[in-house]
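Inspection log for the structure reproduced underneath, given as structure tokens.
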Amino acid sequence: ALESVLAAADGEYDTVWSLGDIVGYGPCPNECVALVEDIATLSVMGNHDWAALGRPGIDVEYFNPHARQAVYWTRETLSDSSRAYLNQLADTPVGAPEAPDVLVTHGSPRVPVLEYIQTPTIAMENFACFTEAICLVGHTHKPTIYHWELRDELEPEDGQSEHQVATVSHVLPQIDARLRLSTSNRRRFIINPGSVGQPRDNDARAAYAILDLEARTWNYRRVAYPIELTQSQMRTADLPKRLVDRLSFGW
């Protein structure tokens, strides 16, 4: 899936940012780490990266049985060089050197490795935890855009006095449609590009996005990859059948 995404986007990007969970489910953790290390200028720690390292702070016993088995297998499979790379990943939100108004994290600005942003309410709470115009997140495996806006409204009692109202809207991005990111101190975004290798939105294709910093656009993409090859590799590694089967359906 990762190779297919990079091939599909070839020539369209200047740099690669990884939002975490490089390892933890798939059958080629060392290959994925090596590829991300080679191409990504920015990469952050995901909860499955953390769990695969066996670092304190995540109790794998709370994972579902299939994810837990995959994590234990990944721990045994990781090479020393893969462990070294994963261990140095940031487990707090990081700013993008190329874009000072963009924040990158895995879960959320509030709880960087573990919190899922899955509702406008949780997104609203997290907008208070950062000041950048755009925050990119992963973790949920679902492509999503949360748009925060601060508006002036008149008091209904007199129709003259103004007060400010903050709202968060939830938008599902359209494939291959360039979304204009008009940002200001009154308009900000939390954006999730979806998952390269483990989509959860009932679309089995790999998900990624192109962020154009100059044009201020977000272009969400999907690309097919040889799922059967990945599934064959998972069976050879004796990874759980449910994890193998779900790749065919994107859930």
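Every chain in the structure tokens takes a letter, A first, then B, and so on in the order presented; its residues are numbered from 1, and the ligands are numbered from 1 following the presented order.
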
* To do: Can you pull out every residue within 8 Å of stretch 183-190 of chain A, counting only C-alpha atoms, but drop anything in the same chain fewer than 3 positions away, and send it as JSON, numbers by chain?
  => {"A": [123, 127, 132, 133, 134, 135, 136, 137, 145, 146, 147, 148, 149, 150, 151]}

Suppose we keep N, CA, C and O atoms; can you now write the selection as a PDB file, in the first residue's frame?
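Final output, selection15.pdb:
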ATOM      1  N   ALA A 123     -13.440  17.596  18.466  1.00  0.00           N
ATOM      2  CA  ALA A 123     -12.638  18.513  17.657  1.00  0.00           C
ATOM      3  C   ALA A 123     -12.657  19.918  18.256  1.00  0.00           C
ATOM      4  O   ALA A 123     -11.612  20.578  18.354  1.00  0.00           O
ATOM      5  N   PHE A 127      -9.419  22.225  19.307  1.00  0.00           N
ATOM      6  CA  PHE A 127      -9.032  23.497  18.698  1.00  0.00           C
ATOM      7  C   PHE A 127      -8.496  24.479  19.748  1.00  0.00           C
ATOM      8  O   PHE A 127      -7.723  25.380  19.414  1.00  0.00           O
ATOM      9  N   GLU A 132      -2.015  26.916  15.621  1.00  0.00           N
ATOM     10  CA  GLU A 132      -1.724  26.880  14.197  1.00  0.00           C
ATOM     11  C   GLU A 132      -3.004  26.866  13.366  1.00  0.00           C
ATOM     12  O   GLU A 132      -4.071  26.494  13.849  1.00  0.00           O
ATOM     13  N   ALA A 133      -2.883  27.240  12.102  1.00  0.00           N
ATOM     14  CA  ALA A 133      -4.051  27.298  11.215  1.00  0.00           C
ATOM     15  C   ALA A 133      -4.569  25.906  10.868  1.00  0.00           C
ATOM     16  O   ALA A 133      -5.775  25.704  10.699  1.00  0.00           O
ATOM     17  N   ILE A 134      -3.657  24.946  10.768  1.00  0.00           N
ATOM     18  CA  ILE A 134      -4.014  23.587  10.350  1.00  0.00           C
ATOM     19  C   ILE A 134      -3.338  22.583  11.266  1.00  0.00           C
ATOM     20  O   ILE A 134      -2.146  22.720  11.569  1.00  0.00           O
ATOM     21  N   CYS A 135      -4.083  21.581  11.689  1.00  0.00           N
ATOM     22  CA  CYS A 135      -3.515  20.462  12.420  1.00  0.00           C
ATOM     23  C   CYS A 135      -3.832  19.182  11.662  1.00  0.00           C
ATOM     24  O   CYS A 135      -5.000  18.902  11.351  1.00  0.00           O
ATOM     25  N   LEU A 136      -2.807  18.404  11.339  1.00  0.00           N
ATOM     26  CA  LEU A 136      -2.981  17.130  10.654  1.00  0.00           C
ATOM     27  C   LEU A 136      -2.904  15.997  11.667  1.00  0.00           C
ATOM     28  O   LEU A 136      -1.988  15.959  12.494  1.00  0.00           O
ATOM     29  N   VAL A 137      -3.871  15.074  11.599  1.00  0.00           N
ATOM     30  CA  VAL A 137      -3.929  13.953  12.540  1.00  0.00           C
ATOM     31  C   VAL A 137      -4.163  12.653  11.774  1.00  0.00           C
ATOM     32  O   VAL A 137      -4.559  12.649  10.612  1.00  0.00           O
ATOM     33  N   ILE A 145     -12.442  16.093   7.741  1.00  0.00           N
ATOM     34  CA  ILE A 145     -12.041  17.488   7.904  1.00  0.00           C
ATOM     35  C   ILE A 145     -12.966  18.145   8.926  1.00  0.00           C
ATOM     36  O   ILE A 145     -14.190  18.062   8.808  1.00  0.00           O
ATOM     37  N   TYR A 146     -12.367  18.784   9.929  1.00  0.00           N
ATOM     38  CA  TYR A 146     -13.122  19.591  10.892  1.00  0.00           C
ATOM     39  C   TYR A 146     -12.748  21.056  10.673  1.00  0.00           C
ATOM     40  O   TYR A 146     -11.564  21.407  10.661  1.00  0.00           O
ATOM     41  N   HIS A 147     -13.766  21.857  10.497  1.00  0.00           N
ATOM     42  CA  HIS A 147     -13.563  23.270  10.184  1.00  0.00           C
ATOM     43  C   HIS A 147     -14.084  24.116  11.339  1.00  0.00           C
ATOM     44  O   HIS A 147     -15.281  24.079  11.650  1.00  0.00           O
ATOM     45  N   TRP A 148     -13.175  24.842  11.976  1.00  0.00           N
ATOM     46  CA  TRP A 148     -13.519  25.734  13.092  1.00  0.00           C
ATOM     47  C   TRP A 148     -13.659  27.157  12.570  1.00  0.00           C
ATOM     48  O   TRP A 148     -12.835  27.627  11.782  1.00  0.00           O
ATOM     49  N   GLU A 149     -14.744  27.837  12.988  1.00  0.00           N
ATOM     50  CA  GLU A 149     -14.961  29.206  12.532  1.00  0.00           C
ATOM     51  C   GLU A 149     -15.489  30.050  13.685  1.00  0.00           C
ATOM     52  O   GLU A 149     -16.347  29.606  14.464  1.00  0.00           O
ATOM     53  N   LEU A 150     -14.970  31.242  13.789  1.00  0.00           N
ATOM     54  CA  LEU A 150     -15.422  32.205  14.795  1.00  0.00           C
ATOM     55  C   LEU A 150     -16.221  33.292  14.088  1.00  0.00           C
ATOM     56  O   LEU A 150     -15.724  33.977  13.197  1.00  0.00           O
ATOM     57  N   ARG A 151     -17.491  33.430  14.497  1.00  0.00           N
ATOM     58  CA  ARG A 151     -18.380  34.385  13.835  1.00  0.00           C
ATOM     59  C   ARG A 151     -18.919  35.408  14.831  1.00  0.00           C
ATOM     60  O   ARG A 151     -19.043  35.132  16.021  1.00  0.00           O
TER      61      ARG A 151
END

* Name the residues of stretch 59-233 of chain A that fall into strand (DSSP E) according to DSSP on the backbone, using the chain letters and numbers of this document, as a ChimeraX atom specification. => /A:94-96,99-104,134-136,144-154,162-171,178-180,187-192,206-212,217-223

* Neighbours of stretch 170-177 of chain A within 10 Å (only C-alpha atoms; same-chain residues fewer than 4 positions away dropped), as a list of chain:residue names? -> A:Gln118, A:Thr119, A:Pro120, A:Ala123, A:Lys142, A:Pro143, A:Thr144, A:Ile145, A:Tyr146, A:His147, A:Trp148, A:Ile190, A:Ile191, A:Asn192, A:Pro193, A:Ala207, A:Ala209, A:Ile210, A:Thr217, A:Trp218, A:Asn219, A:Tyr220, A:Arg221, A:Arg222

So that I have them on file, write out the residues from the current selection with C-alpha atoms, as a short mmCIF file (atom, residue, chain, number, x, y, z; two decimals), in the first residue's frame.
data_model
loop_
_atom_site.label_atom_id
_atom_site.label_comp_id
_atom_site.auth_asym_id
_atom_site.auth_seq_id
_atom_site.Cartn_x
_atom_site.Cartn_y
_atom_site.Cartn_z
CA GLN A 118 -14.23 11.38 15.86
CA THR A 119 -16.86 14.03 16.59
CA PRO A 120 -17.20 17.82 16.21
CA ALA A 123 -12.64 18.51 17.66
CA LYS A 142 -10.82 7.72 8.41
CA PRO A 143 -10.49 10.74 6.09
CA THR A 144 -12.15 13.70 7.78
CA ILE A 145 -12.04 17.49 7.90
CA TYR A 146 -13.12 19.59 10.89
CA HIS A 147 -13.56 23.27 10.18
CA TRP A 148 -13.52 25.73 13.09
CA ILE A 190 -8.13 19.69 11.79
CA ILE A 191 -7.63 17.27 8.89
CA ASN A 192 -7.19 13.51 8.70
CA PRO A 193 -6.04 12.07 5.33
CA ALA A 207 -5.75 6.78 1.30
CA ALA A 209 -3.53 13.47 0.47
CA ILE A 210 -1.50 16.19 -1.21
CA THR A 217 -5.28 23.36 -1.07
CA TRP A 218 -5.92 19.84 0.19
CA ASN A 219 -6.31 17.11 -2.41
CA TYR A 220 -7.57 13.82 -0.97
CA ARG A 221 -6.72 10.70 -2.97
CA ARG A 222 -7.39 6.94 -3.09
#

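With distances taken over only C-alpha atoms, A:Ser82 is the one residue among A:Ser248, A:Ser82, A:Ser18, A:Thr230 lying closest to A:Asn30.
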
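Interatomic distance, atom CA of A:Ala206 against atom CA of A:Ala1: 6.0 Å.
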